[in-house]
Structure formats: C-alpha cells, structure tokens
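Contents: one structure, followed by commentary.
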Amino acid sequence: MESNTVQEAESTWIDIEDDIIDSSDDVSFAEYDVSASPNDFNIKTLFDFIGSGVVKIPGFQRNYVWDIKRASKLIESIIIGIPIPQIFLYEEARNRFIVIDGQQRYMTIYYFMKKRFPRNEKRLELRLIFDENKGIPDAILSNNLYFTDFNLKLPTSQPNQSNKFNGLNYSTLDEEDRLSFELRTIRNIIIKQNAPDDEHSVVFEIFNRLNSGGVNLKPQEIRTSLFHSKFYDMLYKINLDSKWRRLLPSTTPDLNMRDIEILLRGFAMLIDGESYKPSMTKFLNKFSLKAKSFPEDNILYLEKLFANFLEKTSNSNDGFFQRNYGLFQSKTGRFNISVFESIFVASCTEAFRGKKIEIEEIDFEKVNLLKNHNTFIDATQSDTASERNVKSRIALAKEILK
C-alpha cells in the first residue's frame, strides 16, 4: 500500500492545466516498415547482456515496483520451467537494444543473480545510480542501506508443507537447480524499424501499445526512456531546484514526470518553437531526439539560462504560472503549462539568440497584463496545442513582456 505522502504528492499534480495529448497523435503503421523477430535467450545470457551494455534498461522508464514475493515467484517459475511472458526489445543499433516491455522481469533476474533486493525507500535513488553506471556498483550492492539479501520468499498455504526453494538465494541453490535456472530461456521479441530511417519515429507508439495492458505509461515516461541523453540528465537536475519546485503544485517530483515534461516543453519552444507543428507529442518527441546530439557546452548554457530565469521569478507570488480568466477575475488556482512556456520563451529569447546568460528583469505588472489579455486567455483556454494558439500566445508574450 502506498503511503499517504505518495498519494498526496500524486493528487497535487491534478492541479496542472493543459493536456497536450490530442487525437492527431495516432500513428498510421501503413507508412512504416517494422520487423519483429523472436529470439530465445537463456537467463545467463540475459544477465550478461545487462552487464555488457548490450541491453539497456532505461533507468527513468519506471521504478522497480515488485515486492520480494512477486519477484520470488518469477524466479521459482524460471527454475521449474513454467513459461513466463516474453520480453520486447527495440534494436537501436547493431548489438544495442533497449527494453520496451519486460523491465520488471529483467531487473528481477539481475537482482537475483546479484543476490541483493532493493529497499523500497531507495528505489528512486537506485534508478538514477543504475542509469548513470549502466548497472549497480558493488559498493552500493553491498550497502545494507540500499539492499537486503535476495533470499527467495515462497510461503505455502499448507502449514505442514514447505517450498524447497524458500529462503534460498542464487548461491545457495543446489548446483542442478542453479544450472536449470541459468539455462532456461525467455523469448525476446526484437523490434526493428526498417523504414523510414528517422530513428524512433514509430517505436514511441509501439512502446505505448505494448504497455497498455497494465498501468499505462504517460507520454513523458515513454519519451524519457527512448530519448534519454545528457540533456535529459540536465532536466532531472534542474527539476530538483528549490526555486523551481516552489512554482509547481508539489515540492515532490511527479511520479509520471509531468514536471520534466513542462521543462522539456519550455526548452523545445525556446529553441524550435518557430517551426512548431502539431501534434505537441510528436513535436516533443522530435525535439527529444534532436537533444540527444546537443554538445555538453550547449546543455550547460541552457542550465545556466534556466537558473537565471528562476532568479528573475524569485520575487513572484505562488500563482505566477496560473492562468487568469479575465480582468480582475480570480485565478484558476492551477499551474498552467501554456502560461509557463509563454513567459519562459518571451523572457529568454533575446539572451538565447545572443548566447548570453543574463536576461532582463521580469515586470510582474506586465505579466498580469499578459494573463488578462483576451487573446492570451483564448489561446490558453482551448485547443491549446494548435499551431495558431501556440504561436499566438508566445508572440503576444514577447510583445507585452519586452
């Protein structure tokens, strides 16, 4: 059961306006040539794949969420030969794959063979460590603050019976059972996009459809797995800035990464907003792919520019990025993405074009004038991801704020 703190943190994120998903996000698969080939890999090979980096498990895809009972059941099923669901991999390049469905199974195998099980309260931190190091360093694995021993927990319903594997770990399995475990195979479906050659143009939709059977992944959860980069590392870093968190509905990062999506959208509009075409989801996907090739100096510059922007908002009230309904009317009380991106782009465009860090002071009276402007209200109230409304509100923000 989730703690009240987690539930409260999730509920506060309802206080964000502007759903960027629209019907135009559907993909026509008639335009693509996609192949899917089955491959049966044994457990030892799968484990080696992780350690060598052949298979990448995106650290920011989703927390490891299984408890030790569920994890133990998977390991038992593998040992005794019960079939388990197939895993889907996406082929990024030759001998380089990412897991798009099956992360929990992959990580359970990894942790069992490492003989350590992650503590609940450390899993958010561990996913950062895993992604940075392409695995868990031995110093962290041996640290009891992060892990406990992965001894199989397989209780039985019968008081006079016991499961022969209960309490055992990878090392204490008898040799025959350990060999059986290592040689069992799991079917891996390798998906490859043959055409067109624009990387990841269809895998986003495949990822979404494969993950529709359980807890649906949000667009940013999928995006952050497929397009993880040093630019994204920068987004994760600035998302923890106390000045930024003060402007958001919650001081706790959103589990579905909506706050990361807000930052991404701000930078995407600043850099490529003039060429924006719907849908917003496709626009952010394309920008995320482009950002994978950003030089480190450029990423550092963007980080400093955003820090300066936050400094200019430090004297604002908590409703700075809320939308107004009209002159002298009360605010909606909800963080509005369109308001944020408009103010951010208008404030930073001049500095960005000149590759300068310093931005001009933000006139809060002009911000209120913008938010009460009828054209701006219309452009932030409905059809917010249309090309006309996106470009209209940003152009108006530049005109009024500058």
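Every chain in the structure tokens takes a letter, A first, then B, and so on in the order presented; its residues are numbered from 1, and the ligands are numbered from 1 following the presented order.
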
Leu264 in chain A surroundings by only C-alpha atoms, 12 Å radius, close-in-sequence under 4 positions cut, as JSON, numbers by chain:
{"A": [220, 223, 224, 227, 231, 232, 233, 234, 235, 236, 238, 239, 257, 258, 259, 260, 268, 269, 270, 271, 272, 273, 280, 281, 283, 284, 285, 286, 287, 288, 289, 291, 302, 306, 337, 340, 341, 344]}

Taking the chain letters and numbering used in this document, name the residues of range 71-282 of chain A that DSSP puts in helix (DSSP H, G or I), as a PyMOL selection string.
chain A and resi 71-80+103-114+120-133+138-141+175-183+203-210+219-226+230-238+242-247+258-275+280-282

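The set of residues in range 149-311 of chain A assigned to strand (DSSP E) by DSSP, using only backbone atoms of this structure, is Asp149, Thr185, Ile186, Arg187, Asn188, Ile189, Ile190, Ile191, Lys192, Gln193, Asn194 and Ala195 of chain A.
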
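Here CA of Tyr90 in chain A and CA of Thr45 in chain A stand 17.2 Å from one another.
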
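Nearest to Arg105 in chain A of all the residues A:Arg119, A:Lys391, A:Lys73, A:Arg127 is A:Lys73, based on only C-alpha atoms.
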
Within 10 Å of Asp241 in chain A, counting only C-alpha atoms, which residues qualify if same-chain residues fewer than 3 places away don't, as a PyMOL selection string?
chain A and resi 236-238+244-246+251+307+310

I'd like the neighbourhood of Ile189 in chain A as a PDB file with N, CA and C atoms, in the first residue's frame, where a residue qualifies if any of its atoms comes within 7 Å (using only C-alpha atoms), though same-chain residues fewer than 5 positions away should be ignored.
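This is the output file part-v8.pdb:
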```
ATOM      1  N   ALA A  36       9.625  -7.721 -36.527  1.00  0.00           N
ATOM      2  CA  ALA A  36       9.680  -8.259 -35.163  1.00  0.00           C
ATOM      3  C   ALA A  36      10.153  -9.701 -35.253  1.00  0.00           C
ATOM      4  N   SER A  37      11.328  -9.975 -34.687  1.00  0.00           N
ATOM      5  CA  SER A  37      11.901 -11.322 -34.770  1.00  0.00           C
ATOM      6  C   SER A  37      12.043 -11.931 -33.385  1.00  0.00           C
ATOM      7  N   PRO A  38      11.627 -13.192 -33.206  1.00  0.00           N
ATOM      8  CA  PRO A  38      11.744 -13.866 -31.913  1.00  0.00           C
ATOM      9  C   PRO A  38      13.141 -14.436 -31.699  1.00  0.00           C
ATOM     10  N   ASN A  39      13.646 -14.302 -30.483  1.00  0.00           N
ATOM     11  CA  ASN A  39      14.943 -14.870 -30.116  1.00  0.00           C
ATOM     12  C   ASN A  39      14.829 -15.439 -28.705  1.00  0.00           C
ATOM     13  N   ILE A  87       9.596 -10.912 -23.577  1.00  0.00           N
ATOM     14  CA  ILE A  87      10.159  -9.571 -23.394  1.00  0.00           C
ATOM     15  C   ILE A  87      10.299  -8.918 -24.769  1.00  0.00           C
ATOM     16  N   PHE A  88      10.017  -7.627 -24.842  1.00  0.00           N
ATOM     17  CA  PHE A  88      10.154  -6.893 -26.093  1.00  0.00           C
ATOM     18  C   PHE A  88      11.370  -5.968 -26.018  1.00  0.00           C
ATOM     19  N   LEU A  89      12.221  -6.072 -27.020  1.00  0.00           N
ATOM     20  CA  LEU A  89      13.396  -5.216 -27.127  1.00  0.00           C
ATOM     21  C   LEU A  89      13.305  -4.400 -28.415  1.00  0.00           C
TER      22      LEU A  89
END
```

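Remark: for Val34 in chain A, the closest of the candidate residues A:Ile191, A:Ile186, A:Met113, A:Asp174 is A:Ile191 (distances computed over only C-alpha atoms).
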
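The residue that comes closest to Asn169 in chain A, out of A:Ala93, A:Leu305, A:Val55, A:Ile75 and on the basis of only C-alpha atoms, is A:Ile75.
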
Mind checking which residues fall within 12 Å of Phe376 in chain A, counting only C-alpha atoms, ignoring those fewer than 4 positions away in the same chain, and posting them as an MDAnalysis selection string?
chainID A and resid 323:327 338:339 342:343 367:372 380:382 384 388:400

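With only C-alpha atoms as the atoms that count, the residue of A:Gln158, A:Asn315, A:Leu401, A:Ile299 with the shortest distance to Thr349 in chain A is A:Leu401.
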
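Put simply, CA of Pro295 in chain A is 18.6 Å away from CA of Ala351 in chain A.
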